Structures are given as structure tokens and as C-alpha cells.
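Written below as C-alpha cells is the structure these notes are about.
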Amino acid sequence: MTDFQRPRGTRDFPPEEMEQRRIVEDGLRKVARSFNFGEVMTPTFENTELFVAKSGPGIIDEIYAFKDKGDREISLRPELTAAVMRYYVKELHTRPKPLKLYYMGNCFRYERPQKGRYREFWQFGAEIIGAPSLEADAEVLALAYYCAVGSGAVVTDIRIGHLGVMKALFEKAQIGDDLQADIRRYLDKKDFDGLDAFFAEKGLSPETLGTLTELVNLHGNRNILDKAQELMGGDCADIVYLKDLARRLNSYGIQDSQYSIDLGVARGLDYYTGMVFEIDAAGLGAESQICGGGAYSLSETFGGQQIFSTGFAFGFDRLILARSSDEEIIPKLDIYFIPISDDARLKCLELATELRKAGVSADIDLLGRKVGKAFGYADTIGARTAIVIGDKELAEKKVNVKDMATGDQTPVEFSRLLDHYQNK
Ligand code: HAM
């Protein structure tokens with residue numbers, strides 16, 4: 001017989017986990033709305049060229065790319081930023097600026113699965129398009145911070161850097177754009193041996209490598225920006241930018257001790273241009289990065305006008321894993337009805353329908369279990385109360401509402417049942 005397995009790197013989620021995911025998702029949406037971000041949704045699959053345009057064909061190895069029945073090159077989205085920018089360039093560009101957008105969606109990457117790394121995973125992200133850079137960068141950083149903290153994840157570090165600092169160094173050393181992208185890839189993987197070999201192979205200056213290594217190892221509070229300034233041999237506009245950004249973060253209620261400056265943040269995707277950041281959390285092992293983002297340039301790539309854009313995405317699954325696990329799971333069912341005759345079943349259906357319409361959750365024993373067994377079941381599924389209805393209750397038009405935690409019974413008339421639950 002065929003063994004029907006899930007595809008590698010995918011997961012099924014039971015109801016209690018979905019409940020937890022929904023609670024966290026709702027919390028994130030609330031924070032995004034409080035910053036006046038509006039939700040958008042884009043397709044799960046796109047034309048492959050959308051992802052190749054900036055990154056080159058190499059990206060195809062890392063994504064789910066295929067030909068559809070019409071011979072079109074299609075890819076499951078590995079992230080949503082490219083899609084949101086396509087949407088902006090094609091349809092949203094006439095809207096008043098700035099655009100503040102957020103999204104939640106599944107993404108697909110052809111990766112080697114392990115804890116916190118999947119082939120299908122979810123991202124919760126946000127983008128600001130068309131605002132001055134400093135204001136927009138500060139706003140997305142603040143949103144990411146309050147999302148992370150509000151989600152209950154144990155955040156260990158928020159590392160903020162700026163690709164312009166490295167770029168200034170490369171330009172001084174006359175290292176071209178292609179080589180810069182390769183160097184950033186080594187840095188993103190923290191592969192310093194590979195970087196040494198790359199510099200040697202390309203005949204790049206060892207002094208530049210030395211300064212670069214010192215620069216990317218600068219990681220600490222904002223005072224390290226003075227050290228970076230020295231390394232860069234004087235004025236560097238992007239270091240001044242980071243200092244201004246730090247001041248803005250204070251006004252958002254984010255203290256110096258709650259983030260660090262890390263000029264080694266290189267980011268794995270090719271579209272970043274300015275401020276970049278990553279958030280790490282505890283309890284995730286090797287895949288500790290729960291969020292990544294920064295300022296990027298994609299509008300021109302998709303035929304639009306140049307416009308400042310910045311954003312981030314949380315790995316939603318990692319956010320869930322990073323929450324402290326001792327949280328109580330709140331019982332979610334208000335009432336479990338136990339009918340002991342056919343007539344009683346009809347009454348239960350009537351009462352449950354009235355309560356459900358009013359937003360009270362109600363379930364009814366469907367198996368005709370004996371009362372004792374039915375109470376046992378109500379207990380296992382976390383029902384807050386249970387109600388048995390038999391001939392006596394039908395005759396008296398009254399039930400005993402049993403509190404499942406204390407065992408206390410409260411007599412309530414049928415006609416007052418909704419009131420009883422709504423006033424709880
Ligand atoms: P990213 O760093 O590639 O950035 O992905 C964002 C987050 O998605 C990561 O920090 C990680 O938590 C999560 N993630 C990535 N791959 C996986 C995986 N295979 N399994 C589970 N979680 C994963 C972006 O995608 C950018 N679009 C973010 C952005 C928005 N930048 C600007 N705007």
C-alpha cells in the first residue's frame with residue numbers, strides 16, 4: 001500500500017496549535033493597524049521573472065519554480081516584498097504616499113528542512129513606500145520591535161546595520177557591484193574563510209579585507225559608530241544616518257539597551273540598499289532569526305519610478321516557536337450540551353443555535369454518550385461549562401449549568417440562558 005506522507009518540509013497543524021497561531025496573528029495585525037498599516041494580499045504564485053529580475057537565475061535553485069500547463073514559467077513565492085512592489089508599480093502607485101502596507105502569507109523555499117526552517121512557512125511583513133528614508137526606517141523598525149515584543153517571543157537581539165557603510169568602503173577600493181553582491185553573500189553566511197579565499201582569487205586588496213573584517217565585527221551599543229567612523233577614515237554619511245535613527249528610536253520608546261548596532265548585517269536577498277536589520281530570539285537553535293528587513297530598491301526593477309521603500313518580514317513559524325511555552329491554553333468552549341433523549345437533543349440544538357448566533361461557543365454531544373462519559377469528554381476538550389438536558393429539564397424549562405472547573409451547579413431557565421452567558 002502507498003504510504004501517504006506529507007511533502008518534505010511541510011507541516012499539518014492541529015486545532016490547539018492553530019488556535020495559538022491565530023491569537024498571535026491577531027495580535028500582530030492589531031499592532032500593524034495601530035501604526036495605520038493596511039493589509040494587502042498577493043497571489044501565492046507569480047511569474048518566475050519577478051524573482052529572477054533582481055537576483056539572477058541562481059535563485060531558481062532555491063525556490064519552487066516550474067512550468068505550468070500553458071508552458072509559463074511560474075514560481076511559488078519565496079517572500080512577498082517583490083510581489084508587493086510589483087503590485088505597487090502596476091496598480092497602487094497613484095495612491096497618496098506614503099503607502100503603509102502589511103501582509104500575512106505562506107512562502108515556499110527549496111531548503112534543507114530543520115527546526116525552524118521549512119519548505120512551506122508563513123511570513124508576517126510590512127512595507128512603507130514613498131516616505132523620507134529616516135522617518136520610514138524608524139517607523140518600520142518601531143513596528144517590528146512592537147510586533148516582536150507583543151508576540152511574546154523572547155527577543156535576544158535586534159541588530160541594526162547599514163549597507164551604505166560597506167558600500168562606501170568598496171567604492172573607495174574600486175570594487176564593482178557584482179563583486180560587492182558576492183562579498184555580501186559570504187558575509188550573510190558569516191563565511192570568513194570563503195571571504196578570504198574570494199579576496200585572494202579576485203586579487204582584491206588585503207587592506208580592504210582587513211578594514212572590512214574589522215567593520216563587520218563591530219557589534220555593540222551605538223558608541224561603536226564612533227569607532228566605525230574612525231575605520232572609515234572620517235565622515236561617512238550613513239554612520240551619521242544610523243546615529244539619527246538611534247535618536248528617533250528613543251522617541252518611539254525603544255531604549256539603547258534594547259537593540260544593537262551591527263555593521264556586519266548583510267542580508268541574504270539582493271535588493272537591499274540602506275539600513276538593514278535582523279531580530280534574533282531564544283529557543284530556536286541555529287535558526288534564531290525571527291525577522292529580517294531594511295531599505296531596498298525594487299520599484300525601478302519592475303519598471304516603476306525610483307521611490308524609497310523599506311520593510312521587514314517575520315518568520316511567523318519561528319515567532320511561534322520563540323514564545324515561552326509555559327503559557328496557559330485558555331479553554332475555548334463555553335458550553336457542552338449533553339442531551340439524554342431525542343426531544344432533549346432538539347432542544348439542545350435550538351439553545352445552541354441561539355447562543356452561537358450571539359457569539360457564545362457551544363457544542364453538542366453527537367455520539368449519544370452516557371452522561372458520565374460525556375462529562376469526561378467535555379473535560380478533555382476544555383469546556384468551561386456543561387449542561388445535561390433530559391425529560392425533567394424539558395418539563396421544568398430549566399437547566400443546571402455545571403462549572404467544569406469547580407463542579408458547582410447553577411439553575412438557569414431556558415429563557416435566561418443567553419443572559420447568563422453574556423453577563424459572565
Ligand atoms: P528574509 O530574511 O529572507 O527576508 O525572511 C524573513 C524571515 O522569514 C526570516 O527572518 C525568517 O524568520 C523567516 N524564514 C525565512 N526562510 C524560512 C524558512 N525556510 N522557514 C521558516 N522561516 C523562514 C525577506 O523575506 C524579506 N522579504 C523581508 C523584507 C520585507 N525586507 C523588506 N521588506
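Following the order of the C-alpha cells, chains are lettered A, B, ..., residues in each are numbered from 1, and ligands are numbered from 1.
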Compile a residue-level contact table for segment 142-205 of chain A against segment 226-232 of chain A at a cut-off of 9 Å, reporting for every qualifying residue the shortest atom pair and its distance in Å to one decimal, with only C-alpha atoms counted, rows ordered by chain and ascending number, as a Markdown table.
```
| residue | atom | partner | partner_atom | distance |
| --- | --- | --- | --- | --- |
| A:Val165 | CA | A:Met232 | CA | 8.2 |
| A:Ala168 | CA | A:Met232 | CA | 8.3 |
| A:Leu169 | CA | A:Met232 | CA | 7.1 |
```
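Running DSSP on the backbone and keeping only strand (DSSP E), the residues of segment 335-375 of chain A that qualify are Ile335, Tyr336, Phe337, Ile338, Pro339, Ala362, Asp363 and Ile364 of chain A.
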What separation in Å, quoted to one decimal, exists between atom CA of Ala352 of chain A and atom CA of Leu417 of chain A? 10.1 Å
Name the residues of segment 72-268 of chain A that fall into helix (DSSP H, G or I) according to DSSP on the backbone, using the chain letters and numbers of this document, as JSON, numbers by chain. {"A": [81, 82, 83, 84, 85, 86, 87, 88, 89, 90, 91, 92, 133, 134, 135, 136, 137, 138, 139, 140, 141, 142, 143, 144, 145, 146, 147, 148, 149, 150, 163, 164, 165, 166, 167, 168, 169, 170, 171, 172, 177, 178, 179, 180, 181, 182, 183, 184, 185, 186, 187, 188, 192, 193, 194, 195, 196, 197, 198, 199, 200, 201, 202, 206, 207, 208, 209, 210, 211, 212, 213, 214, 215, 216, 224, 225, 226, 227, 228, 229, 230, 231, 237, 238, 239, 240, 241, 242, 243, 244, 245, 246, 247, 248, 249, 250, 251, 256, 257, 258]}
What residues have any atom no more than 8 Å from ligand 1 when counting only C-alpha atoms and all ligand atoms, and can you list them as a ChimeraX atom specification? /A:78-82,108-111,113,116-123,125-127,267-269,272,278-279,287-296,310-319
Give me the residues near segment 91-100 of chain A as a ChimeraX atom specification, where near means some atom within 9 Å (using only C-alpha atoms) and where sequence neighbours in that chain fewer than 4 positions away do not count. /A:35-39,86-87,126-132,136,304
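We find atom CA of Lys167 of chain A and atom CA of Asp238 of chain A to be spaced 9.9 Å apart.
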With only C-alpha atoms as the counted atoms, please give the residues lying no more than 9 Å from Val40 of chain A, apart from itself and same-chain residues fewer than 3 positions off, as a list of chain:residue names.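 In the requested format, the answer is A:Val84, A:Leu101, A:Tyr102, A:Tyr103, A:Met104.
Atom CA of Leu187 of chain A to atom CA of Thr213 of chain A spans 9.4 Å [interatomic distance, one decimal].
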Write out as a compact mmCIF listing (two decimals) with N, CA and C atoms, in the first residue's frame the residues lying within 7 Å of segment 144-148 of chain A, counting only C-alpha atoms and excluding same-chain residues fewer than 5 positions away.
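Dumped to around_19.txt:
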```txt
# COMPACT_ATOMS: atom_id res chain seq x y z
N LEU A 28 -0.51 40.52 16.07
CA LEU A 28 0.36 41.23 15.11
C LEU A 28 -0.45 42.21 14.26
N VAL A 31 -1.25 45.34 16.17
CA VAL A 31 -0.13 46.28 16.27
C VAL A 31 0.02 47.02 14.93
N ALA A 153 7.50 36.54 22.05
CA ALA A 153 8.79 35.89 21.75
C ALA A 153 9.86 36.46 22.67
```
Out of A:Gly390, A:Val360, A:Tyr377, A:Leu195, which residue has the shortest atom-to-atom distance to Asp419 of chain A when counting only C-alpha atoms? A:Val360
Which neighbours of Gly220 of chain A fall inside 12 Å, counting only C-alpha atoms, when residues of the same chain fewer than 4 positions from it are skipped, and could you give them as a PyMOL selection string? chain A and resi 157-161+215-216+224-228+256-264
I need the chosen residues saved as a compact mmCIF listing (two decimals), in the first residue's frame, with C-alpha atoms.
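The result, stored in out04.txt:
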```txt
# COMPACT_ATOMS: atom_id res chain seq x y z
CA ASP A 157 18.93 40.94 19.94
CA ILE A 158 17.80 43.49 17.38
CA ARG A 159 20.81 44.14 15.15
CA ILE A 160 20.72 47.26 13.02
CA GLY A 161 23.28 48.00 10.30
CA LEU A 215 33.93 46.81 10.33
CA VAL A 216 31.64 43.79 10.14
CA ILE A 224 30.59 51.67 18.17
CA LEU A 225 29.51 54.10 15.48
CA ASP A 226 32.39 56.39 16.53
CA LYS A 227 34.81 53.50 16.08
CA ALA A 228 33.27 52.80 12.65
CA ASP A 256 19.65 51.92 23.54
CA SER A 257 19.90 48.69 25.57
CA GLN A 258 17.07 47.11 23.55
CA TYR A 259 18.94 46.91 20.25
CA SER A 260 22.50 46.88 18.97
CA ILE A 261 24.37 48.31 16.04
CA ASP A 262 25.91 45.57 13.88
CA LEU A 263 27.68 46.67 10.73
CA GLY A 264 28.00 43.01 9.74
```
